[in-house]
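Text of the file coords31.cif, holding mmCIF, C-alpha atoms and all ligand atoms:
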data_run
loop_
_atom_site.label_atom_id
_atom_site.label_comp_id
_atom_site.auth_asym_id
_atom_site.auth_seq_id
_atom_site.Cartn_x
_atom_site.Cartn_y
_atom_site.Cartn_z
CA MET A 1 -5.06 -3.09 -31.48
CA SER A 2 -6.49 -4.90 -28.53
CA HIS A 3 -4.15 -6.37 -25.90
CA LYS A 4 -4.92 -9.84 -24.60
CA VAL A 5 -4.15 -8.77 -21.03
CA ILE A 6 -3.82 -5.32 -19.51
CA ILE A 7 -2.51 -5.13 -15.95
CA LEU A 8 -3.16 -2.00 -13.89
CA GLY A 9 -0.54 -1.40 -11.21
CA SER A 10 3.04 -2.60 -10.81
CA GLY A 11 3.39 -3.74 -7.20
CA CYS A 12 3.99 -7.36 -6.17
CA ALA A 13 0.60 -8.48 -7.49
CA GLY A 14 0.83 -6.69 -10.85
CA CYS A 15 4.43 -7.72 -11.54
CA THR A 16 3.75 -11.36 -10.67
CA ALA A 17 0.64 -11.35 -12.88
CA ALA A 18 2.85 -9.92 -15.64
CA VAL A 19 5.48 -12.66 -15.23
CA TYR A 20 2.82 -15.37 -15.51
CA ALA A 21 0.88 -13.73 -18.35
CA ALA A 22 4.08 -13.07 -20.29
CA ARG A 23 5.29 -16.64 -19.83
CA ALA A 24 1.89 -17.78 -21.15
CA ASN A 25 2.77 -15.80 -24.29
CA LEU A 26 0.02 -13.22 -23.75
CA GLN A 27 2.34 -10.17 -24.17
CA PRO A 28 0.69 -8.27 -21.30
CA LEU A 29 0.65 -4.48 -21.11
CA LEU A 30 1.58 -3.39 -17.58
CA ILE A 31 0.51 0.16 -16.75
CA GLU A 32 2.72 1.18 -13.85
CA GLY A 33 0.50 3.69 -12.02
CA THR A 34 1.45 6.65 -9.85
CA GLN A 35 3.69 4.61 -7.58
CA PRO A 36 5.73 2.28 -9.82
CA GLY A 37 6.66 -0.82 -7.81
CA GLY A 38 3.89 -0.20 -5.28
CA GLN A 39 4.08 -0.05 -1.52
CA LEU A 40 7.32 -2.04 -1.19
CA THR A 41 9.15 0.88 -2.78
CA ILE A 42 8.52 2.91 0.38
CA THR A 43 9.52 0.20 2.82
CA SER A 44 13.00 -0.84 3.94
CA ASP A 45 13.99 -4.42 4.71
CA VAL A 46 11.57 -7.13 3.66
CA GLU A 47 12.36 -10.03 5.95
CA ASN A 48 9.44 -12.32 5.25
CA TYR A 49 9.51 -12.78 1.48
CA PRO A 50 10.44 -16.42 0.91
CA GLY A 51 13.76 -17.00 -0.78
CA PHE A 52 15.61 -14.13 0.89
CA PRO A 53 16.86 -15.52 4.24
CA LYS A 54 18.88 -12.36 4.90
CA GLY A 55 16.05 -10.07 3.82
CA ILE A 56 15.96 -7.78 0.81
CA LEU A 57 15.28 -4.07 0.41
CA GLY A 58 11.73 -3.44 -0.80
CA PRO A 59 12.73 -1.22 -3.76
CA GLU A 60 15.36 -3.79 -4.80
CA LEU A 61 12.80 -6.61 -4.77
CA MET A 62 10.50 -4.57 -7.02
CA VAL A 63 13.27 -3.81 -9.51
CA LEU A 64 13.91 -7.57 -9.75
CA MET A 65 10.21 -8.40 -10.18
CA LYS A 66 9.82 -5.86 -12.98
CA GLU A 67 12.99 -7.13 -14.66
CA GLN A 68 11.58 -10.66 -14.53
CA ALA A 69 8.28 -9.53 -16.08
CA VAL A 70 10.08 -7.66 -18.88
CA ARG A 71 12.38 -10.61 -19.58
CA PHE A 72 9.40 -12.67 -20.74
CA GLY A 73 7.86 -9.98 -22.94
CA THR A 74 5.81 -7.67 -20.74
CA GLU A 75 5.33 -4.22 -22.25
CA VAL A 76 5.64 -1.61 -19.49
CA LEU A 77 3.87 1.72 -19.82
CA GLN A 78 4.68 4.60 -17.47
CA GLY A 79 1.56 6.48 -16.53
CA ASP A 80 -1.58 6.41 -14.47
CA VAL A 81 -4.99 5.20 -15.58
CA THR A 82 -7.47 8.06 -15.57
CA LYS A 83 -10.69 6.29 -16.67
CA VAL A 84 -11.97 2.81 -17.45
CA ASP A 85 -14.98 1.49 -19.33
CA LEU A 86 -15.80 -2.05 -18.27
CA SER A 87 -19.27 -2.17 -19.87
CA LYS A 88 -18.18 -4.50 -22.70
CA ARG A 89 -15.17 -6.34 -24.08
CA PRO A 90 -12.66 -5.30 -25.13
CA PHE A 91 -12.40 -3.16 -21.99
CA LYS A 92 -11.23 0.40 -22.51
CA ILE A 93 -8.49 1.96 -20.41
CA TRP A 94 -7.52 5.60 -20.64
CA VAL A 95 -4.12 7.00 -19.73
CA GLY A 96 -4.75 10.69 -20.31
CA ASP A 97 -5.98 11.00 -23.91
CA GLN A 98 -4.58 7.65 -24.98
CA VAL A 99 -7.02 4.70 -25.03
CA TYR A 100 -5.92 1.09 -24.65
CA GLU A 101 -8.14 -1.94 -25.24
CA GLY A 102 -7.84 -5.22 -23.37
CA GLU A 103 -9.58 -8.58 -23.86
CA THR A 104 -8.99 -9.14 -20.18
CA LEU A 105 -8.06 -6.84 -17.35
CA ILE A 106 -6.10 -7.55 -14.19
CA ILE A 107 -6.57 -4.87 -11.54
CA SER A 108 -3.68 -4.60 -9.09
CA THR A 109 -3.93 -0.93 -8.15
CA GLY A 110 -3.11 -1.66 -4.51
CA ALA A 111 -3.88 0.46 -1.50
CA SER A 112 -2.69 3.84 -0.17
CA ALA A 113 -1.82 5.13 3.29
CA MET A 114 -4.72 6.50 5.32
CA TRP A 115 -4.65 9.89 7.02
CA LEU A 116 -6.06 11.03 10.35
CA GLY A 117 -8.22 13.53 8.48
CA LEU A 118 -7.14 16.64 10.40
CA GLU A 119 -6.89 19.98 8.65
CA SER A 120 -3.55 20.69 10.39
CA GLU A 121 -2.19 17.28 9.27
CA LYS A 122 -2.98 18.17 5.65
CA LYS A 123 -1.49 21.66 5.87
CA LEU A 124 1.75 20.42 7.50
CA TRP A 125 2.18 17.47 5.10
CA GLY A 126 5.77 17.57 3.90
CA LYS A 127 6.59 20.10 6.63
CA GLY A 128 7.12 17.50 9.32
CA VAL A 129 4.10 15.26 8.61
CA SER A 130 4.90 12.12 6.60
CA ALA A 131 3.64 8.59 5.96
CA CYS A 132 6.99 7.15 4.92
CA ALA A 133 9.83 6.71 7.42
CA THR A 134 12.08 5.18 4.77
CA CYS A 135 11.68 8.32 2.67
CA ASP A 136 11.93 10.95 5.41
CA ALA A 137 13.66 9.54 8.53
CA PHE A 138 16.94 11.12 7.49
CA PHE A 139 15.46 14.60 8.02
CA PHE A 140 14.83 13.88 11.72
CA LYS A 141 18.37 13.11 12.91
CA ASN A 142 18.64 13.67 16.67
CA GLN A 143 15.05 14.96 16.86
CA HIS A 144 11.87 13.74 18.56
CA VAL A 145 9.31 12.17 16.26
CA VAL A 146 5.83 10.82 16.92
CA VAL A 147 4.39 7.78 15.13
CA VAL A 148 0.64 7.20 15.26
CA GLY A 149 -0.83 3.68 14.94
CA GLY A 150 -0.70 0.28 16.60
CA GLY A 151 -0.11 -2.10 13.68
CA ASP A 152 3.02 -3.57 12.09
CA THR A 153 3.55 -0.43 10.02
CA ALA A 154 3.68 1.75 13.15
CA MET A 155 6.17 -0.60 14.85
CA GLU A 156 8.31 -0.86 11.72
CA GLU A 157 8.32 2.90 11.11
CA ALA A 158 9.17 3.59 14.77
CA THR A 159 12.02 1.07 14.82
CA PHE A 160 13.44 2.52 11.61
CA LEU A 161 13.06 6.12 12.82
CA ALA A 162 14.83 5.28 16.09
CA LYS A 163 18.01 4.73 14.05
CA PHE A 164 18.00 8.46 13.27
CA ALA A 165 15.87 10.27 15.85
CA SER A 166 16.85 10.93 19.47
CA LYS A 167 13.41 9.80 20.64
CA VAL A 168 10.34 8.20 19.06
CA THR A 169 6.90 8.21 20.69
CA ILE A 170 4.25 5.81 19.44
CA ILE A 171 0.75 7.10 20.01
CA HIS A 172 -2.01 4.50 19.89
CA ARG A 173 -5.73 4.85 20.47
CA ARG A 174 -6.03 1.61 22.48
CA ASP A 175 -3.90 -0.21 25.07
CA THR A 176 -3.37 -3.35 22.99
CA PHE A 177 -1.70 -3.61 19.61
CA ARG A 178 -2.69 -5.11 16.29
CA ALA A 179 1.00 -5.50 15.40
CA SER A 180 2.62 -8.96 15.38
CA LYS A 181 4.37 -9.96 18.60
CA ILE A 182 7.85 -9.88 17.05
CA MET A 183 7.45 -6.32 15.72
CA GLN A 184 5.93 -5.14 19.03
CA LYS A 185 8.82 -6.64 20.96
CA ARG A 186 11.38 -5.04 18.67
CA ALA A 187 9.82 -1.61 19.31
CA MET A 188 9.38 -2.17 23.05
CA ASP A 189 12.97 -3.34 23.46
CA ASP A 190 14.31 -0.19 21.79
CA PRO A 191 15.32 2.28 24.53
CA LYS A 192 14.61 5.24 22.25
CA ILE A 193 10.96 4.26 21.71
CA LYS A 194 8.27 5.32 24.21
CA PHE A 195 4.51 4.68 24.12
CA VAL A 196 1.47 6.85 24.81
CA LEU A 197 -1.63 4.64 24.86
CA ASP A 198 -5.40 5.18 24.78
CA SER A 199 -4.77 8.51 23.12
CA ALA A 200 -5.79 10.31 19.95
CA ILE A 201 -4.14 13.20 18.16
CA GLU A 202 -6.58 16.09 17.94
CA GLU A 203 -4.35 18.62 16.22
CA VAL A 204 -0.87 18.96 14.76
CA MET A 205 0.97 22.14 15.78
CA ASP A 206 2.03 24.68 14.63
CA LEU A 207 0.25 26.09 11.61
CA ALA A 208 1.46 29.63 12.39
CA GLN A 209 5.10 28.53 12.16
CA GLY A 210 4.39 26.33 9.12
CA LYS A 211 6.16 23.31 10.64
CA VAL A 212 5.52 20.52 13.14
CA THR A 213 6.32 21.57 16.71
CA GLY A 214 4.05 19.15 18.57
CA VAL A 215 0.69 17.39 18.78
CA LYS A 216 -2.40 18.00 20.89
CA LEU A 217 -3.49 14.75 22.53
CA LYS A 218 -6.66 13.52 24.19
CA ASN A 219 -6.69 10.52 26.50
CA LEU A 220 -9.70 8.54 25.29
CA LYS A 221 -10.28 6.90 28.71
CA THR A 222 -9.97 9.93 30.99
CA GLY A 223 -10.75 12.72 28.53
CA GLN A 224 -7.62 14.54 29.70
CA LYS A 225 -5.94 16.75 27.13
CA SER A 226 -2.21 17.43 26.82
CA ASP A 227 0.44 18.76 24.43
CA LEU A 228 3.45 16.74 23.33
CA ALA A 229 6.34 18.62 21.73
CA CYS A 230 7.89 16.90 18.71
CA ASP A 231 9.60 17.71 15.41
CA GLY A 232 7.88 15.23 13.14
CA LEU A 233 4.71 13.15 12.85
CA PHE A 234 4.55 9.85 10.97
CA ILE A 235 1.11 8.53 10.14
CA ALA A 236 0.94 4.72 10.18
CA ILE A 237 -2.74 3.91 10.59
CA GLY A 238 -3.35 1.55 7.68
CA HIS A 239 -4.34 1.77 4.07
CA LYS A 240 -7.33 2.20 1.81
CA PRO A 241 -7.79 0.41 -1.52
CA ASN A 242 -7.29 2.39 -4.73
CA THR A 243 -10.66 1.69 -6.32
CA ALA A 244 -12.13 5.13 -7.08
CA LEU A 245 -11.83 4.38 -10.83
CA PHE A 246 -14.07 1.33 -10.58
CA LYS A 247 -16.92 2.67 -8.42
CA GLY A 248 -20.28 1.95 -10.06
CA GLN A 249 -18.68 -0.52 -12.49
CA LEU A 250 -17.36 -3.31 -10.25
CA GLU A 251 -18.71 -4.81 -7.03
CA LEU A 252 -16.88 -3.32 -4.02
CA ASP A 253 -17.23 -4.31 -0.36
CA ALA A 254 -18.14 -1.95 2.49
CA LYS A 255 -14.50 -0.83 2.89
CA GLY A 256 -14.12 -0.21 -0.87
CA TYR A 257 -12.12 -3.36 -1.71
CA ILE A 258 -12.92 -5.15 -4.99
CA VAL A 259 -14.94 -8.32 -4.39
CA THR A 260 -13.30 -11.35 -5.98
CA LYS A 261 -14.99 -14.73 -6.07
CA LYS A 262 -11.92 -16.43 -4.51
CA GLN A 263 -12.14 -20.19 -4.00
CA PRO A 264 -10.65 -20.69 -6.47
CA SER A 265 -10.70 -17.61 -8.65
CA MET A 266 -9.63 -13.96 -8.72
CA ALA A 267 -12.62 -13.12 -10.96
CA THR A 268 -14.66 -10.00 -10.20
CA ASP A 269 -18.36 -9.70 -11.03
CA ILE A 270 -17.47 -8.74 -14.62
CA PRO A 271 -16.32 -11.71 -16.77
CA GLY A 272 -12.79 -11.07 -18.00
CA VAL A 273 -11.92 -8.63 -15.19
CA PHE A 274 -9.74 -10.02 -12.43
CA ALA A 275 -8.30 -8.38 -9.32
CA CYS A 276 -5.31 -9.28 -7.18
CA GLY A 277 -3.16 -7.93 -4.36
CA ASP A 278 -4.13 -5.32 -1.80
CA VAL A 279 -6.92 -3.82 -3.91
CA GLN A 280 -9.04 -6.89 -3.10
CA ASP A 281 -7.45 -8.01 0.19
CA SER A 282 -8.21 -6.32 3.49
CA ILE A 283 -7.06 -9.34 5.52
CA TYR A 284 -3.54 -10.56 4.67
CA ARG A 285 -1.96 -7.62 2.77
CA GLN A 286 1.46 -9.21 2.52
CA ALA A 287 3.93 -9.03 -0.37
CA VAL A 288 3.82 -12.79 -0.74
CA THR A 289 0.02 -13.03 -0.69
CA ALA A 290 -0.16 -10.21 -3.23
CA ALA A 291 2.28 -12.09 -5.46
CA GLY A 292 0.26 -15.30 -4.99
CA THR A 293 -2.99 -13.67 -6.06
CA GLY A 294 -1.19 -12.01 -8.99
CA CYS A 295 -0.16 -15.45 -10.20
CA ALA A 296 -3.72 -16.76 -9.75
CA ALA A 297 -5.22 -13.79 -11.63
CA ALA A 298 -2.90 -14.32 -14.61
CA ILE A 299 -3.78 -18.03 -14.75
CA ASP A 300 -7.48 -17.10 -14.55
CA ALA A 301 -7.07 -14.58 -17.38
CA GLU A 302 -5.29 -17.12 -19.55
CA ARG A 303 -8.05 -19.70 -18.99
CA PHE A 304 -10.71 -17.08 -19.66
CA LEU A 305 -9.06 -16.20 -23.00
CA THR A 306 -8.90 -19.87 -23.96
CA HIS A 307 -12.65 -20.24 -23.39
CA HIS A 308 -13.66 -16.86 -24.85
CA ALA A 309 -11.56 -16.59 -28.00
CA SER A 310 -12.58 -13.37 -29.81
P1 LIG A 401 -3.28 -2.11 10.38
O1 LIG A 401 -4.65 -1.96 9.83
O2 LIG A 401 -2.79 -3.44 10.77
O3 LIG A 401 -3.13 -1.17 11.66
C1 LIG A 401 -3.57 0.14 11.64
C2 LIG A 401 -3.40 0.73 13.03
O4 LIG A 401 -3.74 2.09 13.01
C3 LIG A 401 -4.26 0.06 14.08
O5 LIG A 401 -3.55 -0.10 15.28
C4 LIG A 401 -5.42 1.03 14.23
O6 LIG A 401 -5.94 1.06 15.53
C5 LIG A 401 -4.76 2.35 13.96
N1 LIG A 401 -5.71 3.31 13.38
C6 LIG A 401 -6.53 3.15 12.30
N2 LIG A 401 -7.22 4.27 12.05
C7 LIG A 401 -6.84 5.17 12.98
C8 LIG A 401 -7.20 6.51 13.24
N3 LIG A 401 -8.08 7.17 12.48
N4 LIG A 401 -6.63 7.14 14.29
C9 LIG A 401 -5.71 6.49 15.06
N5 LIG A 401 -5.31 5.22 14.86
C10 LIG A 401 -5.88 4.57 13.83
O7 LIG A 401 -2.33 -1.41 9.28
P2 LIG A 401 -0.76 -1.54 9.06
O8 LIG A 401 -0.48 -0.56 7.99
O9 LIG A 401 -0.02 -1.43 10.32
O10 LIG A 401 -0.55 -3.00 8.49
C11 LIG A 401 -1.26 -3.42 7.31
C12 LIG A 401 -0.85 -4.85 6.94
O11 LIG A 401 0.50 -4.85 6.47
C13 LIG A 401 -0.92 -5.81 8.11
O12 LIG A 401 -1.38 -7.04 7.62
C14 LIG A 401 0.51 -5.93 8.56
O13 LIG A 401 0.78 -7.16 9.15
C15 LIG A 401 1.26 -5.77 7.24
N6 LIG A 401 2.63 -5.24 7.46
C16 LIG A 401 3.65 -6.12 7.59
C17 LIG A 401 4.93 -5.69 7.80
C18 LIG A 401 6.00 -6.71 7.92
O14 LIG A 401 5.70 -7.86 8.21
N7 LIG A 401 7.26 -6.35 7.73
C19 LIG A 401 5.27 -4.26 7.90
C20 LIG A 401 4.11 -3.41 7.78
C21 LIG A 401 2.85 -3.89 7.56
P3 LIG A 401 -6.83 -0.17 16.11
O15 LIG A 401 -5.86 -1.26 16.40
O16 LIG A 401 -7.45 0.43 17.31
O17 LIG A 401 -7.81 -0.49 15.03
#

Rewritten as structure tokens:
Amino acid sequence: MSHKVIILGSGCAGCTAAVYAARANLQPLLIEGTQPGGQLTITSDVENYPGFPKGILGPELMVLMKEQAVRFGTEVLQGDVTKVDLSKRPFKIWVGDQVYEGETLIISTGASAMWLGLESEKKLWGKGVSACATCDAFFFKNQHVVVVGGGDTAMEEATFLAKFASKVTIIHRRDTFRASKIMQKRAMDDPKIKFVLDSAIEEVMDLAQGKVTGVKLKNLKTGQKSDLACDGLFIAIGHKPNTALFKGQLELDAKGYIVTKKQPSMATDIPGVFACGDVQDSIYRQAVTAAGTGCAAAIDAERFLTHHAS
């Protein structure tokens, strides 16, 4: 049996697409992916999602969104898509050995945290190296942790970590920040948070001990090298889109994001395939913009089905 709409990914974009598709009576199949609920499930307070003046916890917001999608008839499948065939309709989606067919497809596979790309970072992952303060801050009570990055994520992670750690050092490769003024100020006003600017991490120590004991730094202006002792390292240097499955089948931009036609559609270069949320957005990347594009993609899919009845 072919589904009218299959949605890949269950973050803000996917869940909103599911609410709209389900309310249009399209009985969407929502395949949750490896991180059910998406990136908001590893964040803490969401203070800028309209309708929640006191803020809401990210995981809580995602539980509500999924509940809303299910209420209107979304079928939720736990699992991760392993292969897709977009060469003709109905599109084929594999979850392991199981194949699902969809008249239309909404891709909302999101984006994942980027890594510095150091061998030592990889080897000490989970042994003091993390990309999720909400998940791991508790382990660093009264310790010194380093956060790398200069965007909102770095400021947010540092501010959250400072509630547990005795000291937090933000290491940034430039002397100005990409982070919004309010998040910067919050971090700068926190007496536990210090900054090391114009610097890159060249190595995470100590592989011999099998745990994080410090980082080797290089000042990018002076070339001077130094060691900074710490107990944990949080990587907060941005995200990359989860589009490996679609390479060679869908048009991607230079950074790997799916190209959507926008103005006014979430269509990709394949008729019947739509994309929404962070997988096609390298600019805004907000929960509310993801939800907005999820809504648009579902409306696009519904209109497509009306004009291309099979
Ligand atoms: P950003 O892309 O905004 O920032 C990434 C940061 O990491 C930049 O400062 C960048 O440096 C630095 N960086 C990138 N690559 C490297 C590298 N290899 N080595 C060292 N540093 C590196 O990503 P974020 O995850 O911070 O934010 C993504 C989006 O999510 C933004 O739109 C942000 O506003 C939003 N967001 C909003 C939040 C909120 O409002 N509550 C919370 C968190 C995120 P450089 O500046 O030099 O390029």

Write out, as CSV, each residue of range 197-281 of chain A that has an atom at most 7 Å from range 161-185 of chain A, together with the closest pair of atoms and their distance in Å to one decimal, counting only C-alpha atoms, rows going by chain and rising number.
residue,atom,partner,partner_atom,distance
A:Leu197,CA,A:His172,CA,5.0
A:Asp198,CA,A:Arg174,CA,4.3
A:Ser199,CA,A:Arg173,CA,4.6
A:Ala200,CA,A:Arg173,CA,5.5

Who sits within 12 Å of range 97-99 of chain A, all atoms listed in the file, same chain under 6 positions skipped, as a VMD selection string: chain A and resid 1 to 3 6 77 79 to 85 90 to 91

Output the neighbourhood of ligand LIG 401 (chain A) as an mmCIF file with C-alpha atoms, in the coordinates of the input, that is, all protein and nucleic acid residues with some atom at most 9 Å from the ligand, counting all atoms listed in the file.
data_model
loop_
_atom_site.group_PDB
_atom_site.id
_atom_site.type_symbol
_atom_site.label_atom_id
_atom_site.label_comp_id
_atom_site.auth_asym_id
_atom_site.auth_seq_id
_atom_site.Cartn_x
_atom_site.Cartn_y
_atom_site.Cartn_z
ATOM 1 C CA THR A 43 9.520 0.200 2.820
ATOM 2 C CA SER A 44 13.000 -0.840 3.940
ATOM 3 C CA ASP A 45 13.990 -4.420 4.710
ATOM 4 C CA VAL A 46 11.570 -7.130 3.660
ATOM 5 C CA GLU A 47 12.360 -10.030 5.950
ATOM 6 C CA ASN A 48 9.440 -12.320 5.250
ATOM 7 C CA ALA A 113 -1.820 5.130 3.290
ATOM 8 C CA MET A 114 -4.720 6.500 5.320
ATOM 9 C CA TRP A 115 -4.650 9.890 7.020
ATOM 10 C CA LEU A 116 -6.060 11.030 10.350
ATOM 11 C CA GLY A 117 -8.220 13.530 8.480
ATOM 12 C CA VAL A 148 0.640 7.200 15.260
ATOM 13 C CA GLY A 149 -0.830 3.680 14.940
ATOM 14 C CA GLY A 150 -0.700 0.280 16.600
ATOM 15 C CA GLY A 151 -0.110 -2.100 13.680
ATOM 16 C CA ASP A 152 3.020 -3.570 12.090
ATOM 17 C CA THR A 153 3.550 -0.430 10.020
ATOM 18 C CA ALA A 154 3.680 1.750 13.150
ATOM 19 C CA MET A 155 6.170 -0.600 14.850
ATOM 20 C CA GLU A 156 8.310 -0.860 11.720
ATOM 21 C CA GLU A 157 8.320 2.900 11.110
ATOM 22 C CA ILE A 171 0.750 7.100 20.010
ATOM 23 C CA HIS A 172 -2.010 4.500 19.890
ATOM 24 C CA ARG A 173 -5.730 4.850 20.470
ATOM 25 C CA ARG A 174 -6.030 1.610 22.480
ATOM 26 C CA ASP A 175 -3.900 -0.210 25.070
ATOM 27 C CA THR A 176 -3.370 -3.350 22.990
ATOM 28 C CA PHE A 177 -1.700 -3.610 19.610
ATOM 29 C CA ARG A 178 -2.690 -5.110 16.290
ATOM 30 C CA ALA A 179 1.000 -5.500 15.400
ATOM 31 C CA SER A 180 2.620 -8.960 15.380
ATOM 32 C CA MET A 183 7.450 -6.320 15.720
ATOM 33 C CA SER A 199 -4.770 8.510 23.120
ATOM 34 C CA ALA A 200 -5.790 10.310 19.950
ATOM 35 C CA ILE A 201 -4.140 13.200 18.160
ATOM 36 C CA ILE A 235 1.110 8.530 10.140
ATOM 37 C CA ALA A 236 0.940 4.720 10.180
ATOM 38 C CA ILE A 237 -2.740 3.910 10.590
ATOM 39 C CA GLY A 238 -3.350 1.550 7.680
ATOM 40 C CA HIS A 239 -4.340 1.770 4.070
ATOM 41 C CA SER A 282 -8.210 -6.320 3.490
ATOM 42 C CA ILE A 283 -7.060 -9.340 5.520
ATOM 43 C CA TYR A 284 -3.540 -10.560 4.670
ATOM 44 C CA ARG A 285 -1.960 -7.620 2.770
ATOM 45 C CA GLN A 286 1.460 -9.210 2.520
ATOM 46 C CA ALA A 287 3.930 -9.030 -0.370
#

Spatial neighbours of range 248-251 of chain A, 12 Å, all atoms listed in the file, chain gap at least 5 places, as number ranges by chain: A: 83-88, 91, 107, 243, 256-261, 267-275, 280

Proximity to Ala158 in chain A - best of A:Phe234, A:Gly214, A:Leu124, A:Met266, all atoms listed in the file: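 That would be A:Phe234, the residue with the smallest distance to Ala158 in chain A.
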
Separation of CA of Gln209 in chain A from CA of Cys135 in chain A, in Å and rounded to one decimal: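 Between these atoms lies a distance of 23.3 Å.
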
Length of the CA of Asp300 in chain A to CA of Leu26 in chain A vector [Å]: 12.5 Å

Between CA of Lys211 in chain A and CA of Leu40 in chain A, distance in Å (one decimal): 28.0 Å

Residues within 8 Å of Asp190 in chain A, only C-alpha atoms, excluding chain neighbours under 3 positions, as a PyMOL selection string: chain A and resi 159+162+186-187+193

Top pick for closest residue to Gln27 in chain A, considering A:Val76, A:Ile42, A:Leu8, A:Met188 and counting all atoms listed in the file: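 Going through A:Val76, A:Ile42, A:Leu8, A:Met188 one by one, the smallest distance to Gln27 in chain A is for A:Val76.
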
Residues near Leu207 in chain A, cut-off 12 Å, all atoms listed in the file, skip fewer than 6 positions along chain, as a list of chain:residue names: A:Glu119, A:Ser120, A:Glu121, A:Lys122, A:Lys123, A:Leu124, A:Trp125, A:Lys127, A:Gly128, A:Val129, A:Thr213, A:Gly214, A:Val215

Using all atoms of range 36-51 of chain A listed in the file and a margin of 8 Å per side, can you give the axis-aligned box centre and edge lengths in Å to one decimal, as JSON?
{"center_x": 8.9, "center_y": -7.0, "center_z": -1.9, "size_x": 26.1, "size_y": 35.9, "size_z": 31.8}

Nearest to Asp136 in chain A by atom-to-atom distance, counting only C-alpha atoms, from A:Ala24, A:Leu233, A:Leu29, A:Ile93: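 Nearest candidate to Asp136 in chain A out of A:Ala24, A:Leu233, A:Leu29, A:Ile93: A:Leu233.
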
Counting only C-alpha atoms, the option among A:Ile7, A:Ile56, A:Ala301, A:Ala111 closest to Pro28 in chain A: A:Ile7

Pick from A:Leu228, A:Ile31, A:Val212, A:Thr289 nearest to Ile106 in chain A, counting only C-alpha atoms: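 Between A:Leu228, A:Ile31, A:Val212, A:Thr289, the residue approaching Ile106 in chain A most closely is A:Ile31.
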
Within-8 Å shell of (0.7, -10.2, -8.1) in input frame, all atoms listed in the file, as a PyMOL selection string: chain A and resi 11-18+108+276-277+289-295+297
